[in-house]
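A.B. asks: The structure file input22.cif (mmCIF, C-alpha atoms and all ligand atoms) is provided below.
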data_model
#
loop_
_atom_site.label_atom_id
_atom_site.label_comp_id
_atom_site.auth_asym_id
_atom_site.auth_seq_id
_atom_site.Cartn_x
_atom_site.Cartn_y
_atom_site.Cartn_z
CA MET A 16 -10.38 13.89 -14.40
CA THR A 17 -13.85 13.51 -12.91
CA GLN A 18 -13.87 9.80 -13.69
CA ARG A 19 -13.97 7.23 -10.90
CA ILE A 20 -10.77 5.17 -10.66
CA ARG A 21 -11.14 1.54 -11.75
CA LYS A 22 -7.57 0.35 -11.96
CA ALA A 23 -5.01 -0.02 -9.19
CA VAL A 24 -1.29 -0.57 -9.57
CA PHE A 25 0.70 -2.44 -6.92
CA PRO A 26 4.47 -2.11 -7.31
CA VAL A 27 5.72 -5.36 -5.77
CA ALA A 28 9.11 -5.87 -7.40
CA GLY A 29 11.23 -4.66 -4.46
CA LEU A 30 13.79 -6.94 -2.85
CA GLY A 31 12.69 -6.45 0.75
CA THR A 32 16.26 -6.59 2.01
CA ARG A 33 15.27 -5.27 5.45
CA PHE A 34 13.45 -8.52 6.11
CA LEU A 35 16.22 -10.91 5.10
CA PRO A 36 16.52 -13.80 5.66
CA ALA A 37 12.70 -14.20 5.60
CA THR A 38 12.50 -12.42 2.24
CA LYS A 39 15.07 -14.76 0.70
CA THR A 40 12.10 -16.93 -0.28
CA VAL A 41 9.00 -15.00 0.83
CA PRO A 42 8.31 -11.65 -0.90
CA LYS A 43 7.83 -8.89 1.67
CA GLU A 44 4.29 -8.32 0.38
CA MET A 45 3.48 -11.84 1.55
CA LEU A 46 4.53 -11.24 5.17
CA PRO A 47 1.42 -11.73 7.30
CA ILE A 48 -0.41 -9.48 9.72
CA ILE A 49 -2.33 -12.12 11.74
CA ASP A 50 -3.40 -14.50 8.94
CA ARG A 51 -3.46 -12.33 5.83
CA PRO A 52 -0.50 -11.17 3.78
CA LEU A 53 0.18 -7.45 3.43
CA ILE A 54 -0.83 -7.55 -0.23
CA GLN A 55 -4.33 -8.72 0.70
CA TYR A 56 -4.92 -5.64 2.86
CA ALA A 57 -3.89 -3.32 0.01
CA VAL A 58 -5.99 -5.24 -2.51
CA ASP A 59 -9.07 -5.09 -0.26
CA GLU A 60 -8.59 -1.33 0.11
CA ALA A 61 -8.43 -0.90 -3.69
CA ILE A 62 -11.55 -3.00 -4.25
CA GLU A 63 -13.42 -1.08 -1.56
CA ALA A 64 -12.46 2.15 -3.39
CA GLY A 65 -14.15 0.80 -6.55
CA CYS A 66 -11.25 -0.77 -8.44
CA ASP A 67 -11.97 -3.87 -10.52
CA THR A 68 -8.62 -4.24 -12.29
CA LEU A 69 -5.54 -4.92 -10.19
CA VAL A 70 -2.17 -4.54 -11.86
CA PHE A 71 0.81 -6.10 -10.09
CA VAL A 72 4.20 -4.88 -11.22
CA THR A 73 6.43 -7.73 -10.25
CA ASN A 74 9.72 -9.43 -11.09
CA ARG A 75 10.75 -12.97 -11.87
CA TYR A 76 11.31 -13.85 -8.21
CA LYS A 77 7.79 -13.01 -7.11
CA HIS A 78 5.86 -16.13 -8.12
CA ALA A 79 4.36 -16.30 -4.64
CA VAL A 80 2.28 -13.16 -5.31
CA ALA A 81 0.80 -14.62 -8.53
CA ASP A 82 0.28 -18.01 -6.88
CA TYR A 83 -1.57 -16.36 -4.03
CA PHE A 84 -4.23 -14.96 -6.37
CA ASP A 85 -4.43 -18.19 -8.37
CA LYS A 86 -6.57 -21.23 -7.68
CA ALA A 87 -5.02 -23.85 -5.36
CA TYR A 88 -6.83 -27.00 -6.54
CA GLU A 89 -5.00 -29.55 -4.38
CA LEU A 90 -5.35 -27.51 -1.21
CA GLU A 91 -9.02 -26.86 -1.91
CA GLN A 92 -9.67 -30.57 -2.45
CA LYS A 93 -7.90 -31.50 0.77
CA LEU A 94 -9.82 -28.94 2.82
CA GLU A 95 -13.10 -30.00 1.22
CA ARG A 96 -12.48 -33.69 1.97
CA ALA A 97 -11.54 -32.83 5.54
CA GLY A 98 -14.75 -30.81 5.92
CA LYS A 99 -12.78 -27.67 6.79
CA LEU A 100 -15.26 -25.36 5.15
CA GLU A 101 -14.31 -22.15 6.90
CA GLN A 102 -10.69 -22.53 5.79
CA LEU A 103 -11.83 -23.60 2.33
CA ASP A 104 -13.76 -20.38 1.95
CA LYS A 105 -10.67 -18.38 2.88
CA VAL A 106 -8.47 -19.91 0.17
CA ARG A 107 -11.20 -20.24 -2.45
CA ASN A 108 -12.11 -16.58 -2.76
CA PRO A 109 -9.13 -14.27 -2.46
CA LEU A 110 -10.95 -11.90 -4.85
CA PRO A 111 -14.58 -11.12 -5.71
CA ASP A 112 -15.78 -12.39 -9.12
CA HIS A 113 -15.89 -8.98 -10.80
CA VAL A 114 -12.20 -8.31 -10.11
CA ARG A 115 -9.43 -9.30 -12.51
CA VAL A 116 -5.68 -9.32 -11.98
CA ILE A 117 -2.94 -8.49 -14.46
CA PHE A 118 0.76 -9.12 -13.93
CA VAL A 119 3.37 -6.90 -15.55
CA THR A 120 7.09 -7.59 -15.24
CA GLN A 121 9.59 -4.93 -14.24
CA THR A 122 12.79 -6.34 -15.71
CA GLU A 123 15.14 -3.81 -14.09
CA ALA A 124 14.93 -2.40 -10.55
CA LEU A 125 14.95 1.28 -11.58
CA GLY A 126 12.68 2.63 -8.86
CA LEU A 127 9.04 3.38 -8.05
CA GLY A 128 8.54 5.74 -11.00
CA HIS A 129 9.83 3.10 -13.39
CA ALA A 130 7.57 0.46 -11.81
CA VAL A 131 4.51 2.67 -12.36
CA LEU A 132 5.60 3.35 -15.95
CA CYS A 133 5.67 -0.43 -16.56
CA ALA A 134 1.87 -0.41 -16.01
CA LYS A 135 1.26 2.15 -18.80
CA PRO A 136 0.07 -0.37 -21.45
CA VAL A 137 -2.69 -1.71 -19.19
CA ILE A 138 -3.87 1.61 -17.75
CA GLY A 139 -4.55 3.62 -20.89
CA ASP A 140 -6.10 7.07 -20.76
CA GLU A 141 -7.82 7.14 -17.38
CA PRO A 142 -6.99 8.09 -13.79
CA PHE A 143 -5.76 5.21 -11.65
CA ALA A 144 -4.52 4.37 -8.16
CA VAL A 145 -1.11 3.30 -6.93
CA LEU A 146 -0.87 1.48 -3.59
CA LEU A 147 2.38 0.56 -1.86
CA PRO A 148 1.49 -2.54 0.19
CA ASP A 149 4.26 -1.77 2.73
CA ASP A 150 2.11 1.08 3.93
CA LEU A 151 -0.73 -0.58 5.77
CA ILE A 152 -3.53 1.80 6.75
CA TRP A 153 -5.89 0.82 9.52
CA ASN A 154 -9.23 2.56 9.82
CA ARG A 155 -12.64 1.63 11.21
CA GLY A 156 -14.49 3.70 8.58
CA ASP A 157 -13.78 4.08 4.85
CA GLY A 158 -10.35 2.94 3.72
CA ALA A 159 -7.77 5.59 2.83
CA LEU A 160 -7.99 5.01 -0.92
CA LYS A 161 -11.78 5.26 -0.93
CA GLN A 162 -11.56 8.58 0.90
CA MET A 163 -9.05 9.79 -1.70
CA ALA A 164 -11.02 8.46 -4.70
CA ASP A 165 -14.13 10.25 -3.44
CA HIS A 166 -12.14 13.47 -3.21
CA ALA A 167 -10.54 12.92 -6.66
CA GLU A 168 -13.98 12.56 -8.19
CA ARG A 169 -14.89 15.99 -6.85
CA SER A 170 -11.56 17.74 -7.51
CA GLY A 171 -10.73 16.21 -10.88
CA GLY A 172 -6.97 16.23 -10.15
CA GLY A 173 -4.29 13.98 -8.68
CA VAL A 174 -4.57 13.13 -4.98
CA ILE A 175 -1.66 12.08 -2.79
CA ALA A 176 -1.96 10.68 0.74
CA VAL A 177 0.11 12.58 3.31
CA GLN A 178 0.80 12.58 7.02
CA ASN A 179 2.98 14.62 9.32
CA VAL A 180 6.34 13.12 10.28
CA PRO A 181 9.05 14.35 12.67
CA GLN A 182 11.45 16.76 10.95
CA GLU A 183 14.39 14.35 11.28
CA LYS A 184 12.47 11.72 9.28
CA THR A 185 11.92 13.78 6.12
CA SER A 186 14.83 12.05 4.38
CA SER A 187 12.81 8.80 4.30
CA TYR A 188 9.87 10.25 2.35
CA GLY A 189 8.58 12.34 -0.48
CA ILE A 190 7.77 15.71 1.14
CA VAL A 191 5.13 18.12 -0.16
CA ALA A 192 4.54 21.85 0.17
CA THR A 193 0.93 23.05 0.04
CA GLN A 194 -1.04 26.29 -0.13
CA GLY A 195 -2.63 25.26 3.17
CA PHE A 196 -5.54 22.92 3.93
CA GLU A 197 -9.29 23.08 3.62
CA GLY A 198 -10.38 20.25 5.88
CA ARG A 199 -8.50 17.15 4.76
CA HIS A 200 -7.15 18.43 1.43
CA GLY A 201 -4.69 21.07 0.31
CA ARG A 202 -3.38 22.05 -3.14
CA ILE A 203 0.25 20.96 -3.58
CA THR A 204 2.71 23.64 -4.72
CA GLY A 205 5.84 21.52 -4.75
CA MET A 206 7.26 18.13 -3.92
CA VAL A 207 10.71 16.71 -3.28
CA GLU A 208 11.92 13.14 -2.77
CA LYS A 209 13.75 12.34 0.47
CA PRO A 210 15.11 15.83 1.33
CA LYS A 211 17.57 16.34 4.16
CA PRO A 212 15.67 17.69 7.20
CA ALA A 213 17.28 21.12 6.76
CA ASP A 214 16.07 21.33 3.13
CA ALA A 215 12.56 19.91 3.62
CA PRO A 216 9.79 22.31 2.50
CA SER A 217 7.52 20.96 5.27
CA THR A 218 7.05 17.86 7.41
CA LEU A 219 4.14 16.55 5.33
CA ALA A 220 5.24 13.17 4.05
CA VAL A 221 3.83 11.20 1.13
CA VAL A 222 2.26 7.90 2.21
CA GLY A 223 1.97 5.07 -0.32
CA ARG A 224 -1.49 5.86 -1.75
CA TYR A 225 -1.88 7.89 -4.93
CA VAL A 226 -4.68 8.77 -7.35
CA LEU A 227 -2.88 9.75 -10.54
CA PRO A 228 -3.97 11.29 -13.84
CA PRO A 229 -2.91 9.39 -16.99
CA GLY A 230 -0.60 12.31 -17.86
CA ILE A 231 1.81 10.89 -15.28
CA PHE A 232 3.11 8.44 -17.90
CA ASP A 233 4.39 11.22 -20.21
CA ALA A 234 5.90 12.91 -17.16
CA LEU A 235 7.61 9.67 -16.09
CA GLU A 236 9.01 9.12 -19.57
CA ALA A 237 10.57 12.57 -19.38
CA THR A 238 11.98 11.99 -15.87
CA GLY A 239 15.66 11.23 -15.42
CA ARG A 240 17.17 9.39 -12.50
CA GLY A 241 16.74 11.18 -9.20
CA ALA A 242 17.29 10.33 -5.51
CA GLY A 243 19.15 7.04 -5.07
CA GLY A 244 19.83 6.87 -8.84
CA GLU A 245 16.22 5.77 -9.40
CA ILE A 246 13.36 7.07 -11.53
CA GLN A 247 11.20 8.70 -8.89
CA LEU A 248 7.43 9.02 -9.02
CA THR A 249 7.81 12.14 -6.87
CA ASP A 250 9.94 13.86 -9.56
CA ALA A 251 7.36 13.17 -12.28
CA MET A 252 4.53 14.51 -10.10
CA ALA A 253 6.66 17.56 -9.19
CA ALA A 254 7.17 18.26 -12.91
CA MET A 255 3.41 18.12 -13.53
CA ILE A 256 2.75 20.40 -10.55
CA GLY A 257 5.39 22.81 -11.89
CA ALA A 258 3.50 22.82 -15.20
CA GLY A 259 0.29 23.83 -13.41
CA ARG A 260 -1.47 20.45 -13.18
CA PRO A 261 -3.62 20.15 -10.03
CA TYR A 262 -2.55 17.75 -7.28
CA ASP A 263 -4.03 17.72 -3.80
CA ALA A 264 -2.40 16.40 -0.64
CA TYR A 265 -4.95 14.40 1.35
CA ARG A 266 -4.75 13.88 5.12
CA PHE A 267 -6.64 10.60 5.28
CA GLN A 268 -8.46 9.30 8.32
CA GLY A 269 -6.70 6.21 9.67
CA THR A 270 -3.42 5.00 11.13
CA ARG A 271 -0.57 4.16 8.82
CA PHE A 272 1.95 1.45 9.68
CA ASP A 273 5.22 1.36 7.80
CA CYS A 274 5.44 -2.40 7.36
CA GLY A 275 8.64 -1.95 5.37
CA THR A 276 10.34 -1.60 8.78
CA HIS A 277 10.59 -4.08 11.64
CA ILE A 278 8.90 -1.85 14.19
CA GLY A 279 6.11 -0.96 11.76
CA LEU A 280 5.32 -4.61 11.15
CA ILE A 281 5.28 -5.25 14.90
CA GLU A 282 3.03 -2.24 15.55
CA ALA A 283 0.60 -3.32 12.85
CA THR A 284 0.46 -6.83 14.27
CA ILE A 285 -0.25 -5.49 17.75
CA ARG A 286 -2.96 -3.12 16.49
CA PHE A 287 -4.72 -5.75 14.40
CA ALA A 288 -4.50 -8.28 17.23
CA LEU A 289 -5.97 -5.86 19.77
CA ASP A 290 -8.80 -5.06 17.35
CA HIS A 291 -9.44 -8.74 16.51
CA GLU A 292 -12.63 -10.44 17.63
CA LYS A 293 -10.93 -13.57 18.95
CA LEU A 294 -7.39 -12.38 19.58
CA SER A 295 -7.99 -9.14 21.43
CA GLU A 296 -8.16 -10.64 24.93
CA PRO A 297 -5.30 -13.19 24.61
CA ALA A 298 -3.14 -10.58 22.84
CA ARG A 299 -3.67 -8.08 25.66
CA GLU A 300 -2.85 -10.71 28.30
CA SER A 301 0.21 -11.87 26.42
CA MET A 302 1.52 -8.32 26.07
CA GLN A 303 1.00 -7.70 29.77
CA ARG A 304 2.81 -10.96 30.62
CA ALA A 305 5.74 -10.07 28.37
CA LEU A 306 6.04 -6.63 30.00
CA ASP A 307 5.83 -8.19 33.49
CA ASP A 308 8.36 -10.93 32.67
CA LEU A 309 10.82 -8.39 31.37
CA GLY A 310 10.22 -6.10 34.31
CA VAL A 311 9.39 -3.13 32.10
CA ALA A 312 5.73 -2.65 33.00
CA ASP A 313 6.39 -0.07 35.71
CA ASN A 314 8.38 2.11 33.35
CA ALA A 315 5.81 2.01 30.57
C1 LIG B 401 8.29 5.68 -1.58
C2 LIG B 401 8.16 7.06 -2.26
C3 LIG B 401 8.15 8.16 -1.20
C4 LIG B 401 7.05 7.90 -0.19
C5 LIG B 401 7.19 6.48 0.43
C6 LIG B 401 5.97 6.16 1.28
O1 LIG B 401 9.58 5.60 -0.98
O2 LIG B 401 9.24 7.22 -3.16
O3 LIG B 401 7.95 9.41 -1.83
O4 LIG B 401 7.09 8.87 0.84
O5 LIG B 401 7.27 5.49 -0.61
O6 LIG B 401 6.10 4.92 1.89
P1 LIG B 401 10.22 4.21 -0.47
O7 LIG B 401 9.70 3.99 0.91
O8 LIG B 401 9.76 3.15 -1.43
O9 LIG B 401 11.71 4.43 -0.50
#
For this file, produce the structure as structure tokens.
C.D. replies:
Amino acid sequence: MTQRIRKAVFPVAGLGTRFLPATKTVPKEMLPIIDRPLIQYAVDEAIEAGCDTLVFVTNRYKHAVADYFDKAYELEQKLERAGKLEQLDKVRNPLPDHVRVIFVTQTEALGLGHAVLCAKPVIGDEPFAVLLPDDLIWNRGDGALKQMADHAERSGGGVIAVQNVPQEKTSSYGIVATQGFEGRHGRITGMVEKPKPADAPSTLAVVGRYVLPPGIFDALEATGRGAGGEIQLTDAMAAMIGAGRPYDAYRFQGTRFDCGTHIGLIEATIRFALDHEKLSEPARESMQRALDDLGVADNA
């Protein structure tokens, strides 16, 4: 697998129940950080890594995601007539010209592994990326997926993003065991989905960025239901690793925000605001005011 990845899969069929009632009508991938929806950050990261084909695995309730990447004629006309050219540019070009989008429907909510399997007909026989838009990764240099794709090109195997988590949090993640690390990467020897802290092989958690070999589809087809009664991507990767296929864990440079949780979304908003050209100063002042008003500044 020394090919460069060109295709990226975005599983976006989840219900987003943690963010109800907002997600009653707005898919969680469309929740904004400042003025861009989460999905846009993940898409930009995939394009930066070299992907030109974006595959969204969606369900019948997620029209907003397809609409977002479609042309909005009426809105464009209105902005043009009003001379709002800066805003017009923002809605006119959600994607560069060389990038195409494909929508695939996941008819049953059978888990992440099943969602990835739904993309099989459009991926074919080449390595590809999977990005979970809930995991937002902030970095001043190369994006996390680009770092991983560069490594995958050298290693020729699968590459999984990882980061350390507190022991008591292992039951929220896929957890990997490695032979040890050489710089940012380490060969994976085993992987388990959401283990109890006492059973976790390490505290290295899988983050939602993957570079996968096409063999993952056969492995997924052979995978039964695992944790939570779902078809788990982790189980299919673990089976391949057990059969001697190379997968590396990759400790990417950057900060990951779990925007599938309330606090993660808040943290991401704060970070992006503080790093924003126009918002940095007012955001800092506003945070200070809020701390002062609530009388918590002295304890911070
Ligand atoms: C999924 C994966 C898990 C991974 C996590 C990262 O779980 O199954 O292995 O650690 O994403 O965000 P989910 O959070 O969708 O339950």
A.B. asks: Identify, on the basis of all atoms listed in the file, every residue whose closest approach to Gly239 of chain A does not exceed 12 Å; exclude the query and any residue fewer than 4 positions from it along the same chain; express the result as a list in words.
C.D. replies: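 Near neighbours after the sequence-gap exclusion: Leu125, Gly126, Gly128, His129, Ala234, Leu235, Gly243, Gly244, Glu245, Ile246, Gln247, Leu248, Thr249, Asp250, Ala251 and Ala254 of chain A.
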A.B. asks: Taking into account only C-alpha atoms and all ligand atoms, which residue in the set A:Tyr188, A:Phe287, A:Phe84, A:Tyr265 is nearest to ligand LIG 401 (chain B)?
C.D. replies: A:Tyr188
A.B. asks: Could you report the residues within 6 Å of ligand LIG 401 (chain B), using all atoms listed in the file, as number ranges by chain?
C.D. replies: A: 150, 188-189, 208, 220-223, 249
A.B. asks: Find the residue from A:Lys93, A:Asp50, A:Gly173, A:Gly65 that sits nearest to Lys105 of chain A; use only C-alpha atoms when measuring.
C.D. replies: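 Of A:Lys93, A:Asp50, A:Gly173, A:Gly65, the one nearest Lys105 of chain A, counting only C-alpha atoms, is A:Asp50.
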A.B. asks: So how far away is atom CA of Gly172 of chain A from atom CA of Ser217 of chain A, in Å?
C.D. replies: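 The value is 21.7 Å.
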A.B. asks: With distances taken over only C-alpha atoms, which residue among A:Ile48, A:Asp273, A:Gln102, A:Ala23 lies nearest Phe71 of chain A?
C.D. replies: A:Ala23
A.B. asks: So that I can see what lies close to Phe118 of chain A, please list as a PDB file with C-alpha atoms, in the coordinates of the input the residues with an atom at most 9 Å from it, counting all atoms listed in the file and leaving out residues fewer than 3 positions away in the same chain.
C.D. replies:
ATOM      1  CA  LEU A  69      -5.540  -4.920 -10.190  1.00  0.00           C
ATOM      2  CA  VAL A  70      -2.170  -4.540 -11.860  1.00  0.00           C
ATOM      3  CA  PHE A  71       0.810  -6.100 -10.090  1.00  0.00           C
ATOM      4  CA  VAL A  72       4.200  -4.880 -11.220  1.00  0.00           C
ATOM      5  CA  THR A  73       6.430  -7.730 -10.250  1.00  0.00           C
ATOM      6  CA  ALA A  81       0.800 -14.620  -8.530  1.00  0.00           C
TER       7      ALA A  81
END
A.B. asks: Identify which of the residues A:Leu100, A:Leu53, A:Ala61, A:Val119 lies closest to Gln162 of chain A, counting only C-alpha atoms when measuring atom-to-atom distances.
C.D. replies: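 That would be A:Ala61, the residue with the smallest distance to Gln162 of chain A.
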A.B. asks: Could you please determine the separation between atom CA of Leu147 of chain A and atom CA of Val131 of chain A in Å, to one decimal place?
C.D. replies: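 Taking atom CA of Leu147 of chain A as the start and atom CA of Val131 of chain A as the end point, the length is 10.9 Å.
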A.B. asks: Provide the atom CA of His78 of chain A to atom CA of Pro109 of chain A distance in Å, to one decimal place.
C.D. replies: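 So the answer is 16.1 Å.
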A.B. asks: Compile the contact shell of Gly29 of chain A as a list in words: residues with an atom at most 12 Å away, counting all atoms listed in the file, same-chain residues fewer than 6 positions apart removed.
C.D. replies: Thr38, Lys39, Val41, Pro42, Lys43, Glu44, Phe71, Val72, Thr73, Asn74, Arg75, Tyr76, Lys77, Thr120, Gln121, Thr122, Glu123, Ala124, Leu125, Gly126, Leu127, His129, Ala130, Leu147, Pro148, Asp149 and Gly275 of chain A
A.B. asks: Leaving out Leu160 of chain A and any residue of its chain fewer than 6 positions from it, which residues lie within 10 Å of it when counting all atoms listed in the file, given as a list in words?
C.D. replies: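 Answer for this query is Ala57, Glu60, Ala61, Ile62, Glu63, Ala64, Gly65, Ala144, Val145, Leu146, Ile152, His166, Val174, Ile175, Ala176, Gly223, Arg224, Tyr225, Val226 and Phe267 of chain A.
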A.B. asks: With distances taken over all atoms listed in the file, which residue among A:Val137, A:Ala242, A:Val180, A:Ile285 lies nearest Thr218 of chain A?
C.D. replies: A:Val180
A.B. asks: Go through A:Ile231, A:Leu103, A:Met255, A:Val58 and flag the residue nearest Glu91 of chain A, using all atoms listed in the file for the distances.
C.D. replies: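 Closest to Glu91 of chain A of all the choices is A:Leu103.
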A.B. asks: Hey, what's within 10 Å of Ile20 of chain A if we count all atoms listed in the file and toss same-chain stuff fewer than 6 positions away? As JSON, numbers by chain, please?
C.D. replies: {"A": [61, 64, 65, 66, 67, 68, 141, 142, 143, 144, 161, 164, 165, 167, 168, 226, 227, 228]}
A.B. asks: Could those selected residues go to a file with C-alpha atoms, as a CSV table (one decimal), in the frame of the given file?
C.D. replies:
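Output (result-v2.csv):
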chain,number,residue,atom,x,y,z
A,61,ALA,CA,-8.4,-0.9,-3.7
A,64,ALA,CA,-12.5,2.2,-3.4
A,65,GLY,CA,-14.2,0.8,-6.6
A,66,CYS,CA,-11.2,-0.8,-8.4
A,67,ASP,CA,-12.0,-3.9,-10.5
A,68,THR,CA,-8.6,-4.2,-12.3
A,141,GLU,CA,-7.8,7.1,-17.4
A,142,PRO,CA,-7.0,8.1,-13.8
A,143,PHE,CA,-5.8,5.2,-11.6
A,144,ALA,CA,-4.5,4.4,-8.2
A,161,LYS,CA,-11.8,5.3,-0.9
A,164,ALA,CA,-11.0,8.5,-4.7
A,165,ASP,CA,-14.1,10.2,-3.4
A,167,ALA,CA,-10.5,12.9,-6.7
A,168,GLU,CA,-14.0,12.6,-8.2
A,226,VAL,CA,-4.7,8.8,-7.4
A,227,LEU,CA,-2.9,9.8,-10.5
A,228,PRO,CA,-4.0,11.3,-13.8
A.B. asks: How big is the axis-aligned box around the listed atoms of segment 23-39 of chain A once 4 Å is added on each side, and where is its centre? Give both in Å to one decimal, as lines of an AutoDock Vina configuration file.
C.D. replies:
center_x = 5.8
center_y = -7.4
center_z = -1.7
size_x = 29.5
size_y = 22.7
size_z = 23.7
